[in-house]
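Note: the block below is run.cif and it holds mmCIF, C-alpha atoms.
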```cif
data_entry
#
loop_
_atom_site.group_PDB
_atom_site.id
_atom_site.type_symbol
_atom_site.label_atom_id
_atom_site.label_comp_id
_atom_site.auth_asym_id
_atom_site.auth_seq_id
_atom_site.Cartn_x
_atom_site.Cartn_y
_atom_site.Cartn_z
ATOM 1 C CA MET A 2 0.000 0.000 0.000
ATOM 2 C CA LEU A 3 2.870 2.358 0.811
ATOM 3 C CA TRP A 4 4.441 1.446 -2.500
ATOM 4 C CA GLN A 5 1.246 2.416 -4.406
ATOM 5 C CA LYS A 6 1.012 5.738 -2.579
ATOM 6 C CA ASP A 7 4.645 6.536 -3.407
ATOM 7 C CA ASN A 8 4.114 5.736 -7.098
ATOM 8 C CA MET A 9 0.913 7.781 -7.191
ATOM 9 C CA GLN A 10 2.780 10.771 -5.743
ATOM 10 C CA LYS A 11 5.484 10.379 -8.393
ATOM 11 C CA VAL A 12 2.909 10.262 -11.173
ATOM 12 C CA CYS A 13 1.129 13.346 -9.804
ATOM 13 C CA LEU A 14 4.447 15.200 -9.467
ATOM 14 C CA PHE A 15 5.377 14.244 -13.014
ATOM 15 C CA LEU A 16 2.024 15.418 -14.415
ATOM 16 C CA ALA A 17 2.135 18.676 -12.459
ATOM 17 C CA SER A 18 5.677 19.455 -13.575
ATOM 18 C CA SER A 19 4.831 18.567 -17.185
ATOM 19 C CA LEU A 20 1.840 20.886 -17.094
ATOM 20 C CA LEU A 21 3.947 23.656 -15.554
ATOM 21 C CA ILE A 22 6.627 23.284 -18.229
ATOM 22 C CA PHE A 23 3.972 23.206 -20.938
ATOM 23 C CA LEU A 24 2.247 26.363 -19.705
ATOM 24 C CA THR A 25 5.433 28.343 -19.069
ATOM 25 C CA SER A 26 6.843 27.508 -22.488
ATOM 26 C CA PHE A 27 3.801 29.032 -24.198
ATOM 27 C CA ASN A 28 4.453 32.301 -25.961
ATOM 28 C CA ILE A 29 2.858 34.166 -28.815
ATOM 29 C CA SER A 30 5.004 35.606 -31.548
ATOM 30 C CA PHE A 31 3.661 37.473 -34.491
ATOM 31 C CA ALA A 32 5.047 37.393 -37.982
ATOM 32 C CA LYS A 33 7.316 40.282 -38.752
ATOM 33 C CA GLU A 34 7.363 42.454 -41.803
ATOM 34 C CA HIS A 35 10.792 43.284 -43.138
ATOM 35 C CA THR A 36 11.622 46.042 -45.542
ATOM 36 C CA THR A 37 14.956 46.655 -47.133
ATOM 37 C CA GLU A 38 15.980 50.022 -48.433
ATOM 38 C CA ASP A 39 18.314 48.730 -51.123
ATOM 39 C CA SER A 40 15.924 46.326 -52.877
ATOM 40 C CA THR A 41 14.838 47.280 -56.350
ATOM 41 C CA ALA A 42 11.225 47.612 -57.443
ATOM 42 C CA SER A 43 11.468 44.445 -59.538
ATOM 43 C CA ASP A 44 12.756 42.434 -56.551
ATOM 44 C CA SER A 45 9.894 43.589 -54.331
ATOM 45 C CA ALA A 46 7.368 42.708 -57.036
ATOM 46 C CA GLN A 47 8.715 39.150 -57.178
ATOM 47 C CA LYS A 48 9.352 38.499 -53.495
ATOM 48 C CA VAL A 49 6.964 39.410 -50.689
ATOM 49 C CA THR A 50 8.847 40.813 -47.692
ATOM 50 C CA TYR A 51 6.890 39.035 -44.986
ATOM 51 C CA GLU A 52 8.515 36.531 -42.661
ATOM 52 C CA LEU A 53 6.513 33.519 -41.584
ATOM 53 C CA PRO A 54 6.865 32.548 -37.902
ATOM 54 C CA TYR A 55 8.523 29.309 -36.883
ATOM 55 C CA PRO A 56 5.801 26.629 -36.883
ATOM 56 C CA GLY A 57 6.884 24.799 -33.729
ATOM 57 C CA LEU A 58 5.565 21.237 -33.487
ATOM 58 C CA LEU A 59 4.568 19.754 -36.817
ATOM 59 C CA PRO A 60 1.459 17.627 -37.391
ATOM 60 C CA ASP A 61 3.656 14.551 -37.859
ATOM 61 C CA SER A 62 4.826 14.789 -34.233
ATOM 62 C CA PRO A 63 3.316 12.261 -31.799
ATOM 63 C CA ILE A 64 2.645 15.047 -29.263
ATOM 64 C CA TYR A 65 1.084 17.451 -31.754
ATOM 65 C CA PHE A 66 -2.280 16.951 -30.063
ATOM 66 C CA LEU A 67 -0.923 18.939 -27.075
ATOM 67 C CA ARG A 68 -0.365 21.927 -29.306
ATOM 68 C CA ILE A 69 -3.881 21.634 -30.689
ATOM 69 C CA ILE A 70 -5.308 21.567 -27.157
ATOM 70 C CA ARG A 71 -3.230 24.585 -26.125
ATOM 71 C CA ASP A 72 -4.230 26.571 -29.234
ATOM 72 C CA ARG A 73 -7.915 25.796 -28.722
ATOM 73 C CA VAL A 74 -7.761 26.892 -25.095
ATOM 74 C CA VAL A 75 -6.052 30.159 -26.040
ATOM 75 C CA ASP A 76 -8.518 30.669 -28.888
ATOM 76 C CA PHE A 77 -11.432 30.137 -26.495
ATOM 77 C CA LEU A 78 -10.025 32.667 -24.023
ATOM 78 C CA ILE A 79 -9.736 35.504 -26.570
ATOM 79 C CA SER A 80 -12.922 37.533 -26.738
ATOM 80 C CA ASP A 81 -11.666 40.740 -28.392
ATOM 81 C CA SER A 82 -12.298 40.641 -32.174
ATOM 82 C CA LEU A 83 -9.058 42.419 -33.073
ATOM 83 C CA LYS A 84 -6.918 40.180 -30.854
ATOM 84 C CA LYS A 85 -8.768 37.138 -32.203
ATOM 85 C CA SER A 86 -7.969 38.255 -35.746
ATOM 86 C CA GLU A 87 -4.292 38.650 -34.829
ATOM 87 C CA PHE A 88 -4.259 35.200 -33.204
ATOM 88 C CA ASP A 89 -5.933 33.598 -36.240
ATOM 89 C CA LEU A 90 -3.428 35.310 -38.542
ATOM 90 C CA LEU A 91 -0.582 33.943 -36.430
ATOM 91 C CA GLN A 92 -2.081 30.442 -36.612
ATOM 92 C CA ALA A 93 -2.535 30.766 -40.381
ATOM 93 C CA ASP A 94 1.086 31.807 -40.849
ATOM 94 C CA LYS A 95 2.393 29.059 -38.551
ATOM 95 C CA ARG A 96 0.310 26.401 -40.314
ATOM 96 C CA LEU A 97 1.477 27.616 -43.725
ATOM 97 C CA ASN A 98 5.090 27.361 -42.595
ATOM 98 C CA ALA A 99 4.369 23.918 -41.124
ATOM 99 C CA GLY A 100 2.996 22.953 -44.549
ATOM 100 C CA ILE A 101 6.260 24.079 -46.127
ATOM 101 C CA TYR A 102 8.271 21.962 -43.660
ATOM 102 C CA LEU A 103 6.061 18.925 -44.357
ATOM 103 C CA PHE A 104 6.330 19.491 -48.116
ATOM 104 C CA ASN A 105 10.120 19.559 -47.820
ATOM 105 C CA LYS A 106 9.973 16.295 -45.828
ATOM 106 C CA GLY A 107 8.066 14.701 -48.718
ATOM 107 C CA LYS A 108 4.779 14.425 -46.794
ATOM 108 C CA LEU A 109 2.620 16.042 -49.475
ATOM 109 C CA PRO A 110 -0.867 14.884 -48.372
ATOM 110 C CA MET A 111 -0.188 16.075 -44.810
ATOM 111 C CA SER A 112 1.330 19.285 -46.178
ATOM 112 C CA ILE A 113 -1.754 20.071 -48.258
ATOM 113 C CA SER A 114 -4.064 19.306 -45.335
ATOM 114 C CA THR A 115 -2.035 21.600 -43.072
ATOM 115 C CA ILE A 116 -2.032 24.374 -45.666
ATOM 116 C CA SER A 117 -5.805 24.043 -46.056
ATOM 117 C CA LYS A 118 -6.155 24.476 -42.286
ATOM 118 C CA ALA A 119 -3.890 27.523 -42.529
ATOM 119 C CA GLU A 120 -6.266 29.078 -45.024
ATOM 120 C CA ASN A 121 -9.221 28.267 -42.760
ATOM 121 C CA TYR A 122 -7.504 30.277 -40.024
ATOM 122 C CA PHE A 123 -6.847 33.068 -42.511
ATOM 123 C CA MET A 124 -10.530 33.166 -43.410
ATOM 124 C CA GLU A 125 -11.368 33.421 -39.686
ATOM 125 C CA ALA A 126 -8.862 36.272 -39.317
ATOM 126 C CA LEU A 127 -10.579 38.160 -42.134
ATOM 127 C CA GLN A 128 -14.004 37.655 -40.564
ATOM 128 C CA LYS A 129 -12.791 38.832 -37.148
ATOM 129 C CA ILE A 130 -11.057 41.931 -38.552
ATOM 130 C CA LYS A 131 -14.309 42.846 -40.330
ATOM 131 C CA GLU A 132 -16.136 42.420 -37.037
ATOM 132 C CA ALA A 133 -13.558 44.574 -35.229
ATOM 133 C CA LYS A 134 -13.932 47.274 -37.881
ATOM 134 C CA ARG A 135 -17.738 47.222 -37.462
ATOM 135 C CA GLN A 136 -17.189 47.673 -33.724
ATOM 136 C CA GLY A 137 -15.220 50.849 -34.446
ATOM 137 C CA MET A 138 -11.776 49.508 -33.543
ATOM 138 C CA GLU A 139 -8.603 50.760 -35.209
ATOM 139 C CA THR A 140 -7.749 47.940 -37.611
ATOM 140 C CA THR A 141 -5.291 49.515 -40.077
ATOM 141 C CA GLU A 142 -2.114 47.877 -38.736
ATOM 142 C CA THR A 143 -3.638 44.399 -38.539
ATOM 143 C CA THR A 144 -5.290 44.817 -41.942
ATOM 144 C CA ASN A 145 -1.930 45.733 -43.482
ATOM 145 C CA ARG A 146 -0.436 42.594 -41.946
ATOM 146 C CA LEU A 147 -3.344 40.587 -43.385
ATOM 147 C CA ILE A 148 -2.643 42.021 -46.845
ATOM 148 C CA ASN A 149 1.078 41.239 -46.659
ATOM 149 C CA SER A 150 0.411 37.795 -45.223
ATOM 150 C CA SER A 151 -2.131 36.948 -47.928
ATOM 151 C CA LYS A 152 0.390 37.938 -50.597
ATOM 152 C CA LYS A 153 2.995 35.730 -48.907
ATOM 153 C CA HIS A 154 0.524 32.831 -48.801
ATOM 154 C CA LEU A 155 -0.066 33.302 -52.519
ATOM 155 C CA GLU A 156 3.672 33.384 -53.237
ATOM 156 C CA VAL A 157 4.346 30.243 -51.179
ATOM 157 C CA LEU A 158 1.473 28.297 -52.725
ATOM 158 C CA LYS A 159 2.624 29.155 -56.253
ATOM 159 C CA SER A 160 6.128 28.001 -55.373
ATOM 160 C CA LEU A 161 4.934 24.734 -53.828
ATOM 161 C CA LYS A 162 2.606 24.052 -56.751
ATOM 162 C CA ALA A 163 5.509 24.499 -59.185
ATOM 163 C CA LYS A 164 7.589 21.947 -57.210
ATOM 164 C CA SER A 165 4.793 19.421 -56.642
ATOM 165 C CA PRO A 166 4.041 16.302 -58.692
ATOM 166 C CA LYS A 167 1.186 16.534 -61.192
ATOM 167 C CA ASN A 168 -1.272 14.581 -59.036
ATOM 168 C CA PHE A 169 -1.032 17.247 -56.283
ATOM 169 C CA LYS A 170 -1.240 20.376 -58.465
ATOM 170 C CA SER A 171 -5.053 20.509 -58.387
ATOM 171 C CA SER A 172 -4.996 20.613 -54.556
ATOM 172 C CA PHE A 173 -2.685 23.604 -54.707
ATOM 173 C CA ASP A 174 -4.935 25.205 -57.353
ATOM 174 C CA ARG A 175 -7.912 25.038 -54.957
ATOM 175 C CA GLU A 176 -5.919 26.713 -52.201
ATOM 176 C CA LEU A 177 -4.585 29.333 -54.628
ATOM 177 C CA GLN A 178 -8.156 30.249 -55.602
ATOM 178 C CA ARG A 179 -9.063 30.694 -51.929
ATOM 179 C CA VAL A 180 -6.013 32.846 -51.242
ATOM 180 C CA ASP A 181 -6.683 34.996 -54.326
ATOM 181 C CA LYS A 182 -10.053 35.878 -52.791
ATOM 182 C CA PHE A 183 -8.395 36.555 -49.421
ATOM 183 C CA VAL A 184 -5.984 39.036 -51.042
ATOM 184 C CA GLU A 185 -8.931 40.864 -52.628
ATOM 185 C CA GLU A 186 -10.906 40.903 -49.366
ATOM 186 C CA ALA A 187 -7.945 42.163 -47.339
ATOM 187 C CA ILE A 188 -7.246 44.973 -49.828
ATOM 188 C CA ALA A 189 -10.953 45.882 -49.869
ATOM 189 C CA LEU A 190 -10.815 46.361 -46.079
ATOM 190 C CA ILE A 191 -8.271 49.162 -46.496
ATOM 191 C CA LEU A 192 -10.216 50.812 -49.315
ATOM 192 C CA LYS A 193 -13.465 50.991 -47.284
#
```
Represent the structure contained in this file as structure tokens.
Amino acid sequence: MLWQKDNMQKVCLFLASSLLIFLTSFNISFAKEHTTEDSTASDSAQKVTYELPYPGLLPDSPIYFLRIIRDRVVDFLISDSLKKSEFDLLQADKRLNAGIYLFNKGKLPMSISTISKAENYFMEALQKIKEAKRQGMETTETTNRLINSSKKHLEVLKSLKAKSPKNFKSSFDRELQRVDKFVEEAIALILK
């Protein structure tokens, strides 16, 4: 009986310390925009100057479900439309970058699925920024990030489509069509 109590304490201590490490390692980082003074106009037309954040755990990780749980909890706790839009944009950018990593690992079906989820988050970000604008919030900075991010998503998808085998090109075409609409919607937000 003493042995069982000792083991139970060890298990509880392990779970508590794991939870503590998990919660303290959580941080939010937003994608950064970089501009360079010495780039020519033709370079900037070809390459979008928007850096995607590091994706962290990839969907092929056995503990990826922990990240999903954490992200859903954080998502649930955000009630402000503008902050929710920023969070969804961050998730979209991270998922897109995760899709790139998976593509480079040769896991094309998982890459396409992850990229599709990225675009779902992007769509949510657009809806939340529209809601924030209707509520009278200042949305210019976030909207500009949405525009730059959508252009980066377009650039990345075109690049991945060009590198992908023929049987995956139609999947990239579907995502490209979605992102084309996102670019238009994001630009329209600034013009209104």
- Item | Distance in Å - atom CA of A:Lys84 versus atom CA of A:Asn145 |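 Answer for the atom CA of A:Lys84 to atom CA of A:Asn145 separation: 14.7 Å.
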| So which residues are close to (9.6, 32.1, -45.5), meaning at most 8 Å away in the file's coordinates with only C-alpha atoms counted, and can you show them as a list in words? | Tyr51, Glu52, Leu53, Asn98 and Val157 of chain A
request  = State, in Å with one decimal place, the distance from atom CA of A:Pro54 to atom CA of A:Lys167.
outcome  =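 About the pair atom CA of A:Pro54 and atom CA of A:Lys167: they are 28.8 Å apart.
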| message | Which residues, named as in the file, does the PyMOL selection byres ((chain A and resi 176-180) around 10) pick out? Answer as a ChimeraX atom specification. | response | /A:113,116-117,119-121,123-124,151-159,162,171-175,181-186
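The space between atom CA of A:Ile101 and atom CA of A:Arg68 spans 18.2 Å.
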- Item | Residues within 6 Å of (0.9, 16.2, -42.1), counting only C-alpha atoms, listed as a PyMOL selection string | chain A and resi 60-61+111-112
Excluding same-chain residues fewer than 5 positions from A:Pro56, what lies within 9 Å of it counting only C-alpha atoms, as a short mmCIF file (atom, residue, chain, number, x, y, z; two decimals) with C-alpha atoms, in the frame of the given file?
```cif
data_model
loop_
_atom_site.label_atom_id
_atom_site.label_comp_id
_atom_site.auth_asym_id
_atom_site.auth_seq_id
_atom_site.Cartn_x
_atom_site.Cartn_y
_atom_site.Cartn_z
CA GLN A 92 -2.08 30.44 -36.61
CA ASP A 94 1.09 31.81 -40.85
CA LYS A 95 2.39 29.06 -38.55
CA ARG A 96 0.31 26.40 -40.31
CA LEU A 97 1.48 27.62 -43.72
CA ASN A 98 5.09 27.36 -42.60
CA ALA A 99 4.37 23.92 -41.12
CA GLY A 100 3.00 22.95 -44.55
CA TYR A 102 8.27 21.96 -43.66
#
```
Using only C-alpha atoms, the residue out of A:Pro110, A:Pro63, A:Gly57, A:Gly137 with shortest distance to A:Phe169 is A:Pro110
Find the axis-aligned box for stretch 111-128 of chain A, covering all its listed atoms and adding 4 Å on each side, and write its centre and edge lengths in Å to one decimal as JSON.
```
{"center_x": -6.3, "center_y": 27.1, "center_z": -43.8, "size_x": 23.3, "size_y": 30.1, "size_z": 16.9}
```
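When all atoms listed in the file are used to measure the gap to A:Tyr122, the shortest distance among A:Lys134, A:Arg146, A:Lys85, A:Arg71 belongs to A:Lys85.
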field: Within 12 Å of stretch 79-82 of chain A using only C-alpha atoms, minus same-chain residues under 4 positions, as a list in words
entry: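 Using only C-alpha atoms, the neighbours found are Asp72, Arg73, Val74, Val75, Ser86, Glu87, Phe88, Asp89, Glu125, Ala126, Leu127, Gln128, Lys129, Ile130, Lys131, Glu132, Ala133, Lys134, Arg135, Gln136, Gly137, Met138, Glu139, Thr140 and Thr143 of chain A.
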**Item:** Pick from A:Ile69, A:Val49, A:Leu58, A:Leu190, whichever lies nearest to A:Ser150 using all atoms listed in the file
**Value:**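 Between A:Ile69, A:Val49, A:Leu58, A:Leu190, the residue approaching A:Ser150 most closely is A:Val49.
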